[in-house]
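J.: What follows is a single structure, and I will ask about it in a moment.
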Amino acid sequence: MNDAPRLLVVDDDADMRLTLKLSLELAGYAVEVAANGREALEVQRMRPANVLITDIFMPDADGFEAIDSFRSEFPHTRIVVVSGGAQFSKRNYLPDAALIGVDATLQKPFEIEALLETLKSLPAA
């Protein structure tokens with residue numbers, strides 16, 4: 001899959017980052033990882049990805065800050081937001097992410113197949 005999009009997975013949970021990285025690489029994607037939005041921008045500037053897959057709740061620049069930065073600095077990057085934040089708060093922030101123009105949202109926990117289908121359905125950058 002040499003023409004597969006390059007992905008950048010951003011999540012403060014190291015286990016989630018590793019699981020997604022390995023699963024997506026097995027599916028043929030080239031995958032970079034970052035622990036927060038600030039780190040994601042640094043990685044993106046060095047090794048640009050076509051698709052950002054980001055959590056919302058993270059320290060040192062959360063998902064909304066990352067989305068805002070990517071939209072201004074990398075406007076053609078597709079953005080998929082994944083979040084389980086509603087487990088810890090009464091509010092589900094995925095609709096907010098959809099309102100600010102991300103390409104897709106997924107509620108954690110999700111099956112890797114759901115993420116793969118979401119990636120396949122994204123319009124080309």
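For the structure tokens, the naming scheme is as follows: chains receive sequential letters (A, B, ...) according to their order of presentation, residues are indexed from 1 within each chain, and ligands are indexed from 1 in presentation order.
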Run DSSP on the backbone and tell me which residues of chain A come out as strand (DSSP E or B); list them as a PyMOL selection string.

T.: chain A and resi 6-10+30-34+51-54+78-83+104-107

J.: Generate a file of the selected residues that holds C-alpha atoms, formatted as a compact mmCIF listing (two decimals), in the first residue's frame.

T.:
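Result file again-v6.txt:
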```
# COMPACT_ATOMS: atom_id res chain seq x y z
CA ARG A 6 0.46 8.64 6.12
CA LEU A 7 -1.19 8.80 9.53
CA LEU A 8 -0.37 10.70 12.72
CA VAL A 9 -1.95 9.20 15.86
CA VAL A 10 -2.16 11.55 18.84
CA ALA A 30 2.76 4.45 7.59
CA VAL A 31 2.11 5.72 11.12
CA GLU A 32 3.71 8.37 13.32
CA VAL A 33 2.65 8.92 16.93
CA ALA A 34 2.57 11.82 19.39
CA VAL A 51 -4.47 12.20 8.23
CA LEU A 52 -4.43 13.29 11.87
CA ILE A 53 -6.16 10.89 14.29
CA THR A 54 -6.42 12.70 17.61
CA ARG A 78 -7.77 15.19 7.09
CA ILE A 79 -8.74 15.02 10.77
CA VAL A 80 -10.38 12.14 12.63
CA VAL A 81 -11.27 12.74 16.29
CA VAL A 82 -11.51 9.79 18.67
CA SER A 83 -12.63 10.32 22.25
CA ALA A 104 -14.87 12.17 11.09
CA THR A 105 -15.41 11.26 14.75
CA LEU A 106 -15.30 7.94 16.60
CA GLN A 107 -16.39 7.25 20.18
```

J.: Step one, run DSSP on the backbone; step two, keep only residues of region 33-96 of chain A assigned to alpha helix (DSSP H); then write them as an mmCIF file with N, CA and C atoms, in the first residue's frame.

T.:
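Generated file (part-v4.cif):
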```cif
data_model
loop_
_atom_site.group_PDB
_atom_site.id
_atom_site.type_symbol
_atom_site.label_atom_id
_atom_site.label_comp_id
_atom_site.auth_asym_id
_atom_site.auth_seq_id
_atom_site.Cartn_x
_atom_site.Cartn_y
_atom_site.Cartn_z
ATOM 1 N N GLY A 37 -1.009 17.479 21.499
ATOM 2 C CA GLY A 37 -1.118 18.351 20.342
ATOM 3 C C GLY A 37 0.162 19.092 20.004
ATOM 4 N N ARG A 38 0.899 19.505 21.008
ATOM 5 C CA ARG A 38 2.161 20.210 20.786
ATOM 6 C C ARG A 38 3.155 19.304 20.070
ATOM 7 N N GLU A 39 3.294 18.081 20.585
ATOM 8 C CA GLU A 39 4.191 17.100 19.975
ATOM 9 C C GLU A 39 3.717 16.742 18.556
ATOM 10 N N ALA A 40 2.414 16.674 18.359
ATOM 11 C CA ALA A 40 1.865 16.350 17.040
ATOM 12 C C ALA A 40 2.298 17.379 16.002
ATOM 13 N N LEU A 41 2.273 18.647 16.373
ATOM 14 C CA LEU A 41 2.698 19.698 15.448
ATOM 15 C C LEU A 41 4.178 19.549 15.095
ATOM 16 N N GLU A 42 4.995 19.229 16.090
ATOM 17 C CA GLU A 42 6.428 19.038 15.841
ATOM 18 C C GLU A 42 6.645 17.885 14.862
ATOM 19 N N VAL A 43 5.940 16.770 15.080
ATOM 20 C CA VAL A 43 6.062 15.611 14.195
ATOM 21 C C VAL A 43 5.568 15.969 12.797
ATOM 22 N N GLN A 44 4.438 16.653 12.714
ATOM 23 C CA GLN A 44 3.855 17.015 11.420
ATOM 24 C C GLN A 44 4.792 17.910 10.614
ATOM 25 N N ARG A 45 5.462 18.797 11.290
ATOM 26 C CA ARG A 45 6.396 19.693 10.585
ATOM 27 C C ARG A 45 7.589 18.929 10.028
ATOM 28 N N MET A 46 7.999 17.858 10.693
ATOM 29 C CA MET A 46 9.156 17.072 10.232
ATOM 30 C C MET A 46 8.768 15.996 9.220
ATOM 31 N N GLY A 63 -6.817 18.124 22.075
ATOM 32 C CA GLY A 63 -7.235 17.856 20.704
ATOM 33 C C GLY A 63 -7.813 19.070 19.998
ATOM 34 N N PHE A 64 -8.567 19.907 20.713
ATOM 35 C CA PHE A 64 -9.138 21.097 20.075
ATOM 36 C C PHE A 64 -8.035 22.073 19.670
ATOM 37 N N GLU A 65 -7.005 22.206 20.512
ATOM 38 C CA GLU A 65 -5.872 23.064 20.156
ATOM 39 C C GLU A 65 -5.130 22.484 18.948
ATOM 40 N N ALA A 66 -4.961 21.171 18.932
ATOM 41 C CA ALA A 66 -4.289 20.518 17.796
ATOM 42 C C ALA A 66 -5.093 20.729 16.516
ATOM 43 N N ILE A 67 -6.402 20.551 16.591
ATOM 44 C CA ILE A 67 -7.258 20.731 15.406
ATOM 45 C C ILE A 67 -7.115 22.159 14.885
ATOM 46 N N ASP A 68 -7.178 23.120 15.770
ATOM 47 C CA ASP A 68 -7.059 24.522 15.377
ATOM 48 C C ASP A 68 -5.711 24.786 14.701
ATOM 49 N N SER A 69 -4.638 24.285 15.284
ATOM 50 C CA SER A 69 -3.301 24.486 14.719
ATOM 51 C C SER A 69 -3.155 23.797 13.373
ATOM 52 N N PHE A 70 -3.663 22.577 13.275
ATOM 53 C CA PHE A 70 -3.566 21.844 12.005
ATOM 54 C C PHE A 70 -4.390 22.536 10.928
ATOM 55 N N ARG A 71 -5.573 23.028 11.292
ATOM 56 C CA ARG A 71 -6.423 23.707 10.309
ATOM 57 C C ARG A 71 -5.718 24.943 9.752
ATOM 58 N N SER A 72 -4.959 25.686 10.615
ATOM 59 C CA SER A 72 -4.291 26.871 10.095
ATOM 60 C C SER A 72 -2.984 26.548 9.384
ATOM 61 N N GLU A 73 -2.195 25.626 9.938
ATOM 62 C CA GLU A 73 -0.868 25.355 9.377
ATOM 63 C C GLU A 73 -0.873 24.260 8.301
ATOM 64 N N LEU A 94 -17.578 15.024 21.094
ATOM 65 C CA LEU A 94 -17.477 14.671 19.680
ATOM 66 C C LEU A 94 -18.369 15.551 18.790
ATOM 67 N N PRO A 95 -19.602 15.879 19.204
ATOM 68 C CA PRO A 95 -20.395 16.794 18.365
ATOM 69 C C PRO A 95 -19.734 18.164 18.198
ATOM 70 N N ASP A 96 -19.032 18.636 19.237
ATOM 71 C CA ASP A 96 -18.308 19.906 19.133
ATOM 72 C C ASP A 96 -17.219 19.798 18.069
#
```

J.: Select, from A:Asp103, A:Glu117, A:Glu25, A:Asp12, the residue with the minimum atom-to-atom distance to Met58 (chain A), counting only C-alpha atoms.

T.: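 For Met58 (chain A), the nearest of the given residues is A:Asp12.
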
J.: Using only C-alpha atoms, can you tell me which of A:Asp11, A:Gly28, A:Lys120, A:Thr77 comes closest to Ile56 (chain A)?

T.: A:Asp11

J.: Have a look at CA of Asp60 (chain A) and CA of Arg17 (chain A) and let me know their distance in Å, one decimal.

T.: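 Rounded to one decimal, the two atoms are 16.3 Å apart.
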